[in-house]
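Working notes, beginning with the structure itself.
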Amino acid sequence: MSDESRPTPAQTPVAAVIPAAGRGVRLGPGAPKALRALSGTPMLIHAVRALAASRHVSLVIVVAPPDGAAEVKSLLDAHALPGGTPSGSWGRTDFLVVPGGESRQESVRLGLDALPPQYGVVLVHDAARPLVPVDTVDAVVEAVRDGAPAVVPALPLADTVKEVEPAAAAGDPEPVVATPERSRLRAVQTPQGFDRATLVRAHETVTENVTDDASMVEQLGLTVVAVPGHEEAFKVTRPLDLVLAEAVLARRRLTDGF
Ligand code: C5P
């Protein structure tokens with residue numbers, strides 16, 4: 001597609017890539033993190049539902065553990081909307097499953113490789129953030145559609161953050177080297193939203209290891225903007241996060257009948 005005929009971000013449909021290929025070792029032994037159950041439903045299914053809840057998102061690409069794509073595909077089909085929809089679709093949201101890679105970055109790139117040409121806006125959302133509210137998803141999409149090449153949902157920090165010199169041996173005290181001004185720091189969540197061409201270029205250009213996609217766009221010299229995140233978009237990383245996630249779901253059942 002030539003640049004002239006390519007629809008603008010305001011016009012194109014939105015796809016989401018969900019990297020879900022991590023082992024989740026910090027959560028303890030067991031199934032890959034994305035397949036662990038929250039209130040009886042795999043974390044990944046909660047994450048796909050959270051994105052499919054946005055009226056903007058019409059395709060979700062799930063990046064599965066390298067040896068687990070068939071299992072993840074069956075799982076998605078099994079959780080189709082009540083009433084049943086064709087394989088590969090949850091009502092108005094289609095999904096694809098592709099095998100992931102060694103790093104999060106490689107998994108996202110493999111997801112982008114599977115993205116059909118008509119999608120001009122891409123969200124990247126961690127399967128490990130299963131409870132992100134739809135309003136947060138919509139706010140990210142709208143900021144990309146308004147012209148930002150990259151958008152992150154972000155929250156102010158409660159803790160003061162210190163930069164340290166890593167200790168010579170594990171467990172030794174670590175010398176503090178700096179204290180960044182807390183009011184200017186943000187904790188960044190997902191989904192992060194991108195103009196597709198920008199994200200693809202970032203993945204082609206940046207080769208060093210990064211922990212989020214937006215930092216790759218920063219390395220291209222482009223401006224990334226932050227919109228308000230949400231405390232329920234936290235990442236399930238450690239065992240205590242599972243307790244918190246169950247509590248959020250219990251509260252939603254009480255208040256929304258969810
Ligand atoms: O390890 P971390 O918590 O940063 O992982 C964030 C997300 O990236 C998780 O949803 C995880 O499943 C995914 N991931 C991946 N492929 C990897 C490593 C992590 O899709 N090789």
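By order of appearance in the structure tokens: chains A, B, ..., then residues from 1 within every chain, and ligands from 1 in the order shown.
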So which residues are near ligand 1, meaning at most 9 Å away with only C-alpha atoms and all ligand atoms counted, given back as an NGL selection string? :A and (18-26 or 32-34 or 44 or 62-66 or 100-108 or 125-129 or 211-212 or 235-237)
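All residues within stretch 154-199 of chain A that the backbone DSSP calculation assigns to strand (DSSP E or B) are A:Ala154, A:Leu155, A:Pro156, A:Glu163, A:Val164, A:Val176, A:Val177, A:Ala178, A:Arg186, A:Ala187, A:Val188, A:Gln192, A:Gly193, A:Phe194, A:Asp195.
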With N, CA and C atoms retained, write the just-selected residues as a CSV table (one decimal), in the first residue's frame.
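That gives us result_22.csv:
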```csv
chain,number,residue,atom,x,y,z
A,154,ALA,N,-0.2,5.7,32.2
A,154,ALA,CA,0.8,5.8,33.2
A,154,ALA,C,0.2,6.4,34.5
A,155,LEU,N,0.8,6.0,35.6
A,155,LEU,CA,0.3,6.5,36.9
A,155,LEU,C,1.4,7.1,37.7
A,156,PRO,N,1.1,8.1,38.5
A,156,PRO,CA,2.1,8.7,39.4
A,156,PRO,C,2.6,7.6,40.4
A,163,GLU,N,18.0,5.4,42.4
A,163,GLU,CA,18.9,4.7,41.4
A,163,GLU,C,20.1,4.2,42.2
A,164,VAL,N,20.4,2.9,42.1
A,164,VAL,CA,21.5,2.4,42.9
A,164,VAL,C,22.6,1.8,42.0
A,176,VAL,N,23.4,4.1,46.9
A,176,VAL,CA,22.4,4.9,46.2
A,176,VAL,C,23.2,6.0,45.4
A,177,VAL,N,22.9,6.2,44.1
A,177,VAL,CA,23.6,7.2,43.3
A,177,VAL,C,22.7,8.4,43.0
A,178,ALA,N,21.4,8.2,43.0
A,178,ALA,CA,20.5,9.4,42.6
A,178,ALA,C,19.1,9.1,43.1
A,186,ARG,N,6.6,8.4,36.3
A,186,ARG,CA,5.3,7.7,36.1
A,186,ARG,C,5.6,6.2,36.0
A,187,ALA,N,4.7,5.4,36.5
A,187,ALA,CA,4.8,3.9,36.3
A,187,ALA,C,3.9,3.6,35.1
A,188,VAL,N,4.5,2.9,34.1
A,188,VAL,CA,3.9,2.8,32.8
A,188,VAL,C,3.3,1.4,32.7
A,192,GLN,N,-0.1,-0.2,25.4
A,192,GLN,CA,0.5,0.9,24.8
A,192,GLN,C,0.1,0.9,23.3
A,193,GLY,N,-0.2,2.1,22.8
A,193,GLY,CA,-0.8,2.3,21.5
A,193,GLY,C,0.2,2.9,20.5
A,194,PHE,N,0.1,2.5,19.3
A,194,PHE,CA,1.1,3.0,18.3
A,194,PHE,C,0.5,3.2,16.9
A,195,ASP,N,1.0,4.1,16.2
A,195,ASP,CA,0.8,4.2,14.8
A,195,ASP,C,1.6,3.0,14.2
```
Please compute the atom CA of A:Leu75-atom CA of A:Leu38 distance, one decimal, in Å.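 Computing the Euclidean distance for atom CA of A:Leu75 and atom CA of A:Leu38 yields 14.5 Å.
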Give me the residues within 10 Å of A:Val48 as a PDB file with C-alpha atoms, in the first residue's frame, counting only C-alpha atoms and dropping any in the same chain fewer than 5 places off.
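Saved the output as selection.pdb:
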```
ATOM      1  CA  ALA A  16      -4.084  -5.563  19.569  1.00  0.00           C
ATOM      2  CA  VAL A  17      -1.038  -7.793  20.011  1.00  0.00           C
ATOM      3  CA  ILE A  18      -0.954  -9.651  23.332  1.00  0.00           C
ATOM      4  CA  MET A  43      -5.454 -14.812  32.840  1.00  0.00           C
ATOM      5  CA  ALA A  53     -14.538  -4.941  25.215  1.00  0.00           C
ATOM      6  CA  VAL A  60      -6.575  -9.513  18.766  1.00  0.00           C
ATOM      7  CA  ILE A  61      -3.333 -11.364  17.969  1.00  0.00           C
ATOM      8  CA  VAL A  62      -2.272 -13.595  20.847  1.00  0.00           C
ATOM      9  CA  LEU A  76      -9.926 -18.958  22.857  1.00  0.00           C
ATOM     10  CA  TRP A  90     -15.542 -13.582  19.387  1.00  0.00           C
ATOM     11  CA  THR A  93     -13.577  -9.256  17.463  1.00  0.00           C
ATOM     12  CA  PHE A  95      -8.406 -13.357  16.877  1.00  0.00           C
ATOM     13  CA  HIS A 125      -0.916  -5.379  25.820  1.00  0.00           C
ATOM     14  CA  ASP A 126       0.686  -7.739  28.340  1.00  0.00           C
ATOM     15  CA  ALA A 127      -1.348 -10.868  29.041  1.00  0.00           C
ATOM     16  CA  PRO A 130      -5.709  -9.087  32.719  1.00  0.00           C
ATOM     17  CA  LEU A 131      -7.916  -6.502  34.445  1.00  0.00           C
TER      18      LEU A 131
END
```
Report the distance between atom CA of A:His79 and atom CA of A:Ala52 in Å, rounded to one decimal place. 12.5 Å
I'd like the neighbourhood of A:Thr179 as a ChimeraX atom specification, where a residue qualifies if any of its atoms comes within 8 Å (using only C-alpha atoms), though same-chain residues fewer than 4 positions away should be ignored. /A:160-163
Since we have the selection now, will you write its residues out, keeping N, CA and C atoms, as a PDB file, in the first residue's frame?
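After the write, selection01.pdb holds the following:
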```pdb
ATOM      1  N   THR A 160       9.024   6.708  46.666  1.00  0.00           N
ATOM      2  CA  THR A 160      10.179   7.432  46.137  1.00  0.00           C
ATOM      3  C   THR A 160      11.093   6.404  45.469  1.00  0.00           C
ATOM      4  N   VAL A 161      11.690   6.778  44.330  1.00  0.00           N
ATOM      5  CA  VAL A 161      12.529   5.836  43.577  1.00  0.00           C
ATOM      6  C   VAL A 161      13.994   6.250  43.700  1.00  0.00           C
ATOM      7  N   LYS A 162      14.869   5.302  43.980  1.00  0.00           N
ATOM      8  CA  LYS A 162      16.315   5.553  44.048  1.00  0.00           C
ATOM      9  C   LYS A 162      17.006   4.804  42.920  1.00  0.00           C
ATOM     10  N   GLU A 163      18.030   5.436  42.351  1.00  0.00           N
ATOM     11  CA  GLU A 163      18.908   4.706  41.427  1.00  0.00           C
ATOM     12  C   GLU A 163      20.087   4.204  42.243  1.00  0.00           C
TER      13      GLU A 163
END
```
Out of A:Arg36, A:Arg92, A:Pro228, A:Gln11, which residue has the shortest atom-to-atom distance to A:Arg145 when counting only C-alpha atoms?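 Among A:Arg36, A:Arg92, A:Pro228, A:Gln11, it is A:Gln11 that comes nearest to A:Arg145.
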Near-stretch 249-256 of chain A list (10 Å; only C-alpha atoms; drop same-chain fewer than 3 positions) as an mmCIF file with C-alpha atoms, in the first residue's frame:
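The result, stored in result30.cif:
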```cif
data_model
loop_
_atom_site.group_PDB
_atom_site.id
_atom_site.type_symbol
_atom_site.label_atom_id
_atom_site.label_comp_id
_atom_site.auth_asym_id
_atom_site.auth_seq_id
_atom_site.Cartn_x
_atom_site.Cartn_y
_atom_site.Cartn_z
ATOM 1 C CA LEU A 38 -8.052 -16.124 37.949
ATOM 2 C CA SER A 39 -11.507 -16.918 39.318
ATOM 3 C CA LEU A 131 -7.916 -6.502 34.445
ATOM 4 C CA GLU A 232 -6.572 -2.125 38.060
ATOM 5 C CA LEU A 244 -5.114 -8.663 44.528
ATOM 6 C CA ALA A 245 -6.476 -9.764 41.131
ATOM 7 C CA GLU A 246 -8.951 -12.144 42.813
#
```
Using only C-alpha atoms, which of A:Val14, A:Leu115, A:Val225, A:Leu242 sits nearest A:Pro42?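 The closest residue to A:Pro42 is A:Leu242.
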Write out as a PyMOL selection string which residues come within 12 Å of A:Val134 when counting only C-alpha atoms, dropping same-chain ones fewer than 4 positions away. chain A and resi 46-57+130+138-141+190-191+229-230+232-233
Got a sec to tell me which of stretch 9-256 of chain A DSSP assigns to alpha helix (DSSP H), as a ChimeraX atom specification? /A:43-52,69-78,104-113,134-145,196-205,214-219,239-256
Find the residue from A:Pro239, A:Pro13, A:Gly221, A:Pro29 that sits nearest to A:Leu123; use only C-alpha atoms when measuring. A:Pro13
Could you tell me how far atom CA of A:Ala168 lies from atom CA of A:Pro180, in Å and to one decimal?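 The value is 23.2 Å.
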Taking into account only C-alpha atoms, which residue in the set A:Arg109, A:Gly147, A:Arg196, A:Ala15 is nearest to A:Leu96? A:Ala15
Counting only C-alpha atoms, what is within 10 Å of stretch 198-203 of chain A, bar same-chain residues fewer than 4 positions away, as a VMD selection string? chain A and resid 105 to 106 108 to 109 112 to 113 120 to 124 149 to 150 193 to 194 207 213 to 220 222
